[in-house]
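Pasted below: run-v4.txt, compact mmCIF, C-alpha atoms and all ligand atoms.
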```
# COMPACT_ATOMS: atom_id res chain seq x y z
CA MET A 30 94.62 82.45 94.74
CA GLU A 31 94.29 86.17 95.35
CA THR A 32 97.42 88.01 96.44
CA ILE A 33 96.46 90.26 99.33
CA LEU A 34 99.82 92.04 99.59
CA SER A 35 102.83 91.92 97.33
CA ILE A 36 106.12 93.53 98.43
CA LYS A 37 108.85 93.92 95.83
CA ASN A 38 112.46 94.95 96.43
CA LEU A 39 111.57 97.26 99.29
CA SER A 40 114.39 99.20 100.94
CA LYS A 41 114.37 101.83 103.65
CA ARG A 42 117.16 104.01 104.95
CA TYR A 43 116.89 106.25 107.98
CA GLY A 44 119.88 108.52 107.34
CA SER A 45 122.87 106.20 107.21
CA LEU A 46 120.98 103.26 108.75
CA GLN A 47 119.78 100.64 106.28
CA ALA A 48 116.60 99.51 108.05
CA LEU A 49 115.33 97.35 105.16
CA ASN A 50 117.50 95.93 102.40
CA ASP A 51 115.69 94.80 99.25
CA ILE A 52 112.98 92.67 100.76
CA SER A 53 110.29 90.88 98.73
CA PHE A 54 107.44 88.58 99.76
CA GLU A 55 103.80 87.88 98.97
CA ILE A 56 100.82 87.27 101.21
CA LYS A 57 98.06 85.17 99.68
CA LYS A 58 94.45 85.20 100.79
CA GLY A 59 93.99 83.04 103.88
CA HIS A 60 97.64 83.11 104.94
CA VAL A 61 98.48 83.74 108.56
CA TYR A 62 101.75 85.48 107.82
CA GLY A 63 104.40 86.24 110.40
CA ILE A 64 107.25 88.73 110.18
CA LEU A 65 109.74 87.30 112.66
CA GLY A 66 112.94 88.99 113.75
CA PRO A 67 114.73 90.50 116.76
CA ASN A 68 114.25 94.09 117.85
CA GLY A 69 115.48 96.49 115.21
CA SER A 70 115.25 93.99 112.33
CA GLY A 71 112.77 96.14 110.38
CA LYS A 72 109.38 94.58 111.21
CA SER A 73 107.56 97.78 112.20
CA THR A 74 109.17 99.68 109.33
CA THR A 75 107.77 97.11 106.89
CA LEU A 76 104.28 97.46 108.37
CA GLY A 77 104.58 101.25 108.37
CA ILE A 78 105.45 101.29 104.66
CA VAL A 79 102.56 99.08 103.53
CA LEU A 80 100.17 101.10 105.73
CA ASN A 81 101.44 104.26 104.06
CA VAL A 82 102.72 105.91 107.25
CA VAL A 83 106.43 105.45 106.40
CA ASN A 84 107.90 106.26 102.98
CA ALA A 85 110.07 103.58 101.38
CA THR A 86 113.44 104.67 100.01
CA SER A 87 113.01 102.36 97.02
CA GLY A 88 110.93 99.40 95.93
CA ASP A 89 107.25 98.87 95.68
CA TYR A 90 104.23 97.15 97.16
CA SER A 91 100.68 96.54 95.98
CA TRP A 92 97.45 95.53 97.65
CA PHE A 93 94.81 93.09 96.34
CA ASP A 94 96.50 92.02 93.10
CA GLY A 95 97.24 95.66 92.37
CA LYS A 96 93.60 96.28 91.58
CA MET A 97 93.19 99.14 94.02
CA LYS A 98 94.99 102.36 94.88
CA THR A 99 96.60 102.27 98.32
CA HIS A 100 94.09 104.76 99.73
CA ASP A 101 91.11 102.55 98.80
CA ALA A 102 92.90 99.31 99.62
CA LEU A 103 93.61 100.49 103.17
CA LYS A 104 89.87 100.73 103.83
CA LYS A 105 89.89 96.92 103.63
CA VAL A 106 92.81 96.59 106.05
CA GLY A 107 92.47 96.46 109.83
CA ALA A 108 95.66 97.36 111.70
CA ILE A 109 96.85 97.57 115.29
CA ILE A 110 100.37 98.99 115.27
CA GLU A 111 100.28 101.04 118.48
CA ARG A 112 99.25 100.52 122.07
CA PRO A 113 95.43 100.45 122.23
CA ASN A 114 94.10 103.93 122.87
CA PHE A 115 90.44 104.65 123.63
CA TYR A 116 88.49 107.11 125.76
CA PRO A 117 89.15 105.98 129.37
CA TYR A 118 85.81 107.01 130.89
CA MET A 119 83.69 105.58 128.11
CA THR A 120 82.65 101.93 128.16
CA ALA A 121 83.94 99.32 125.72
CA GLN A 122 80.66 99.45 123.84
CA GLU A 123 80.57 103.26 123.74
CA ASN A 124 84.13 103.41 122.42
CA LEU A 125 83.32 100.99 119.61
CA ARG A 126 80.10 102.83 118.74
CA LEU A 127 82.15 105.98 118.41
CA VAL A 128 84.53 104.21 116.01
CA CYS A 129 81.49 103.07 114.01
CA LYS A 130 80.19 106.62 113.85
CA ILE A 131 83.53 108.02 112.67
CA LYS A 132 83.99 105.29 110.05
CA ASN A 133 80.34 105.16 109.00
CA ILE A 134 79.87 101.52 110.05
CA ASN A 135 76.58 100.01 111.25
CA TYR A 136 76.35 99.80 115.09
CA ASN A 137 75.15 96.21 114.89
CA LYS A 138 78.79 95.14 114.42
CA VAL A 139 79.71 96.30 117.94
CA LEU A 140 78.20 93.47 119.97
CA GLU A 141 79.29 90.89 117.39
CA LYS A 142 82.93 91.96 117.60
CA LEU A 143 82.88 92.28 121.40
CA GLU A 144 81.64 88.68 121.50
CA LEU A 145 84.40 87.59 119.12
CA VAL A 146 87.10 88.91 121.49
CA GLY A 147 85.38 87.63 124.65
CA LEU A 148 84.38 91.02 126.03
CA THR A 149 80.59 90.65 126.01
CA GLU A 150 80.40 90.57 129.79
CA ARG A 151 82.56 93.68 130.05
CA LYS A 152 80.79 95.69 127.35
CA ASP A 153 79.52 98.24 129.88
CA SER A 154 82.81 98.57 131.78
CA LYS A 155 84.94 101.65 131.37
CA PHE A 156 88.06 101.31 129.24
CA SER A 157 90.12 102.64 132.18
CA SER A 158 89.18 99.55 134.22
CA PHE A 159 90.55 97.15 131.59
CA SER A 160 93.73 95.09 131.90
CA LEU A 161 96.28 95.47 129.09
CA GLY A 162 95.07 92.18 127.59
CA MET A 163 91.46 93.40 127.57
CA LYS A 164 92.56 96.69 126.01
CA GLN A 165 94.36 94.78 123.29
CA ARG A 166 91.27 92.60 122.71
CA LEU A 167 89.14 95.75 122.42
CA ALA A 168 91.62 97.10 119.85
CA ILE A 169 91.23 93.88 117.85
CA ALA A 170 87.43 94.20 118.01
CA SER A 171 87.72 97.79 116.83
CA ALA A 172 90.00 96.88 113.91
CA LEU A 173 87.49 94.21 112.83
CA LEU A 174 84.39 96.44 112.87
CA ASN A 175 84.44 96.92 109.10
CA ASP A 176 85.19 93.22 108.41
CA PRO A 177 88.61 93.82 106.84
CA GLU A 178 90.18 91.41 104.34
CA ILE A 179 93.39 91.40 106.36
CA LEU A 180 94.24 92.14 109.97
CA ILE A 181 97.71 93.51 110.74
CA LEU A 182 99.13 93.25 114.25
CA ASP A 183 102.49 94.55 115.51
CA GLU A 184 103.75 92.59 118.55
CA PRO A 185 100.19 91.91 119.77
CA THR A 186 101.18 90.10 122.97
CA ASN A 187 103.95 92.42 124.19
CA GLY A 188 103.65 93.15 127.90
CA LEU A 189 100.85 90.65 128.55
CA ASP A 190 100.79 87.95 131.21
CA PRO A 191 100.69 84.29 130.09
CA GLN A 192 96.89 84.13 130.23
CA GLY A 193 96.57 87.34 128.23
CA ILE A 194 99.06 86.04 125.66
CA HIS A 195 97.11 82.78 125.32
CA GLN A 196 93.81 84.64 124.84
CA ILE A 197 95.16 86.94 122.14
CA ARG A 198 96.76 84.05 120.22
CA ASP A 199 93.51 82.06 120.39
CA ILE A 200 91.54 85.04 119.09
CA ILE A 201 93.96 85.53 116.19
CA LYS A 202 93.67 81.85 115.29
CA HIS A 203 89.88 82.09 115.48
CA ILE A 204 89.79 85.15 113.22
CA ALA A 205 92.07 83.37 110.75
CA ALA A 206 89.81 80.28 110.81
CA GLN A 207 86.92 82.54 109.81
CA GLY A 208 88.86 83.40 106.64
CA THR A 209 90.53 86.71 107.48
CA THR A 210 94.11 86.97 106.27
CA ILE A 211 96.57 87.92 109.03
CA LEU A 212 99.93 89.71 109.04
CA LEU A 213 101.62 89.56 112.42
CA ALA A 214 105.00 91.04 113.40
CA SER A 215 106.68 89.38 116.35
CA HIS A 216 110.12 88.87 117.87
CA LEU A 217 108.92 85.60 119.41
CA LEU A 218 109.67 82.39 117.54
CA ASP A 219 107.11 80.43 119.55
CA GLU A 220 104.39 82.99 118.78
CA VAL A 221 104.96 82.68 115.04
CA GLU A 222 105.19 78.89 115.27
CA LYS A 223 101.93 78.66 117.23
CA VAL A 224 99.87 81.14 115.22
CA CYS A 225 101.25 81.48 111.68
CA THR A 226 101.17 79.36 108.52
CA HIS A 227 103.85 81.34 106.68
CA VAL A 228 106.77 83.47 107.75
CA VAL A 229 109.41 85.91 106.62
CA VAL A 230 112.41 85.97 108.94
CA LEU A 231 114.23 89.31 109.10
CA ARG A 232 117.56 90.23 110.59
CA LYS A 233 119.02 93.71 110.27
CA GLY A 234 116.72 94.49 107.37
CA ASN A 235 117.62 91.37 105.38
CA ILE A 236 115.44 88.36 104.70
CA LEU A 237 116.89 85.13 106.13
CA TYR A 238 113.98 82.92 105.16
CA THR A 239 110.55 83.07 103.58
CA GLY A 240 108.14 80.19 103.32
CA SER A 241 105.99 77.90 105.36
CA VAL A 242 106.36 78.02 109.12
CA ASP A 243 107.32 74.32 109.17
CA GLY A 244 110.47 75.29 107.27
CA ILE A 245 111.85 77.20 110.25
CA SER A 246 112.34 74.03 112.27
CA VAL A 247 114.61 72.46 109.63
CA ASN A 248 116.87 75.51 109.51
CA GLU A 249 119.05 75.38 112.61
CA GLY A 250 120.47 78.88 112.21
CA LEU A 251 117.09 80.36 112.85
CA TYR A 252 117.07 79.02 116.39
CA GLU A 253 119.98 81.30 117.21
CA LEU A 254 117.63 84.10 116.44
CA GLN A 255 115.54 83.16 119.42
CA ALA A 256 118.53 83.33 121.77
CA GLU A 257 119.45 86.74 120.39
CA ASP A 258 115.86 87.94 120.86
CA THR A 259 115.81 86.95 124.50
CA GLN A 260 119.01 88.90 125.17
CA ASN A 261 117.50 91.94 123.52
CA LEU A 262 114.51 92.08 125.84
P1 LIG B 301 111.51 96.21 114.63
O1 LIG B 301 110.09 96.58 114.53
O2 LIG B 301 111.87 94.91 114.00
O3 LIG B 301 112.01 96.28 116.05
P2 LIG B 301 112.01 98.75 113.31
O4 LIG B 301 111.42 98.67 111.97
O5 LIG B 301 111.25 99.48 114.36
O6 LIG B 301 112.38 97.28 113.80
O7 LIG B 301 113.44 99.42 113.22
C1 LIG B 301 114.42 99.01 112.27
C2 LIG B 301 115.64 99.89 112.45
O8 LIG B 301 115.30 101.21 112.04
C3 LIG B 301 116.11 100.00 113.89
O9 LIG B 301 117.52 100.08 113.89
C4 LIG B 301 115.51 101.31 114.36
O10 LIG B 301 116.27 101.90 115.37
C5 LIG B 301 115.52 102.13 113.09
N1 LIG B 301 114.41 103.12 113.04
C6 LIG B 301 113.09 102.84 113.10
N2 LIG B 301 112.37 103.96 112.98
C7 LIG B 301 113.24 104.98 112.84
C8 LIG B 301 113.11 106.41 112.67
N3 LIG B 301 111.91 106.99 112.60
N4 LIG B 301 114.25 107.13 112.55
C9 LIG B 301 115.46 106.54 112.60
N5 LIG B 301 115.66 105.21 112.75
C10 LIG B 301 114.56 104.44 112.87
MG MG B 302 108.67 96.88 116.04
```
Representation of the structure as structure tokens:
Amino acid sequence: METILSIKNLSKRYGSLQALNDISFEIKKGHVYGILGPNGSGKSTTLGIVLNVVNATSGDYSWFDGKMKTHDALKKVGAIIERPNFYPYMTAQENLRLVCKIKNINYNKVLEKLELVGLTERKDSKFSSFSLGMKQRLAIASALLNDPEILILDEPTNGLDPQGIHQIRDIIKHIAAQGTTILLASHLLDEVEKVCTHVVVLRKGNILYTGSVDGISVNEGLYELQAEDTQNL
């Protein structure tokens, strides 16, 4: 099975703070992979390193069985690591057409991806009129325009109401069912349990567990994590 992303002995220090301490894991094609851990555990730092926006202090990672340089590999990666940001007075469709133009993608993908995230009926509405959940769904559509091998999401349901959370999780599951590999960072145990097949559990930059999501439920210590997360919010 193809390895989409391999992380080996990655460490990151910010000054005296050890944000990541020698972490290793592998994401195989078709995995829905969660990085689970409380705030400050190193989830976003891990994503930043593999997306080449944060420099690791030591260690290594490789994309697609190491067959491609990072620069080329990242063209096959879709990522949403910030709050969705589009032109407010342009419509959903216009914003996505602009992304197509910039990235040299065929416009025919726009309506297909709007449909995938349930925004067909709002395609001619201005971005400024969208709820946070709709904005996040538009960001997912945008990240999928070039049919990436893997979609990376950092805390995709943060700040959403229960309906918005449910919609985003359903869309992620649907995208995964279509064969796209997923890497999702979340501080929510239930999110990872509902959406992911595999998980790496981080705390203070250290790996507590890697493996199938079912393995979390047999490890009692990991439930304490959830209590700690709730206090951190
Ligand atoms: P998470 O995404 O799990 O909340 P982060 O990767 O954002 O965790 O942060 C891990 C640790 O690194 C935290 O203690 C955070 O404060 C620290 N950190 C993150 N980014 C920076 C930065 N640019 N400079 C200094 N410290 C940082
Ligand atoms: Mg984070």
Could you list, as a PyMOL selection string, all the residues within 10 Å of ligand LIG 301 (chain B), counting all atoms listed in the file?
chain A and resi 41-49+64-78+83+183-184+214-216+231-234
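The shortest atom-to-atom distance to Met163 of chain A, with only C-alpha atoms taken into account, belongs to A:Ile197 out of A:Leu180, A:Met30, A:Ile197, A:Val221.
With all atoms listed in the file as the basis for measurement, A:Arg112 is the residue among A:Ser40, A:Arg112, A:Gly95, A:Leu237 that approaches Leu189 of chain A most closely.
Between ligand MG 302 (chain B) and the residues A:Leu125, A:Leu145, A:Leu213, A:Val82, the shortest atom-to-atom distance, using all atoms listed in the file, involves A:Leu213.
Distance annotation: of A:Thr32, A:Ser241, A:Asn133, A:Gln196, the residue with the minimal separation from Tyr90 of chain A is A:Thr32; atom set is all atoms listed in the file.
Comparing A:Ile200, A:Met97, A:Ala102, A:Ile109 by their smallest distance to ligand MG 302 (chain B), the closest is A:Ile109 (using only C-alpha atoms and all ligand atoms).
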Between atom CA of His227 of chain A and atom CA of Val242 of chain A - distance in Å to one decimal:
4.8 Å
Would you compute the distance between atom CA of Cys129 of chain A and atom CA of Lys164 of chain A? Give it in Å to one decimal.
17.5 Å
How many Å lie between atom CA of Thr210 of chain A and atom CA of Ile179 of chain A, rounded to one decimal?
4.5 Å
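Nearest residue to Asn135 of chain A, choosing from A:Leu174, A:Ser160, A:Ile33, A:His203 and counting all atoms listed in the file: A:Leu174.
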Surrounding residues of Glu141 of chain A excluding itself and chain neighbours under 4 positions, 12 Å, only C-alpha atoms, as number ranges by chain:
A: 122, 125, 135-137, 145-149, 152, 170-171, 173-176
Distance query Asp243 of chain A at most 10 Å, only C-alpha atoms, self and fewer than 6 positions along chain excluded, as a list in words
Glu222, Cys225, Thr226, His227 and Val228 of chain A
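Look at His100 of chain A: the protein and nucleic acid residues within 10 Å of it, using all atoms listed in the file and passing over chain neighbours fewer than 4 places away, are Leu80, Asn81, Lys104 and Lys105 of chain A.
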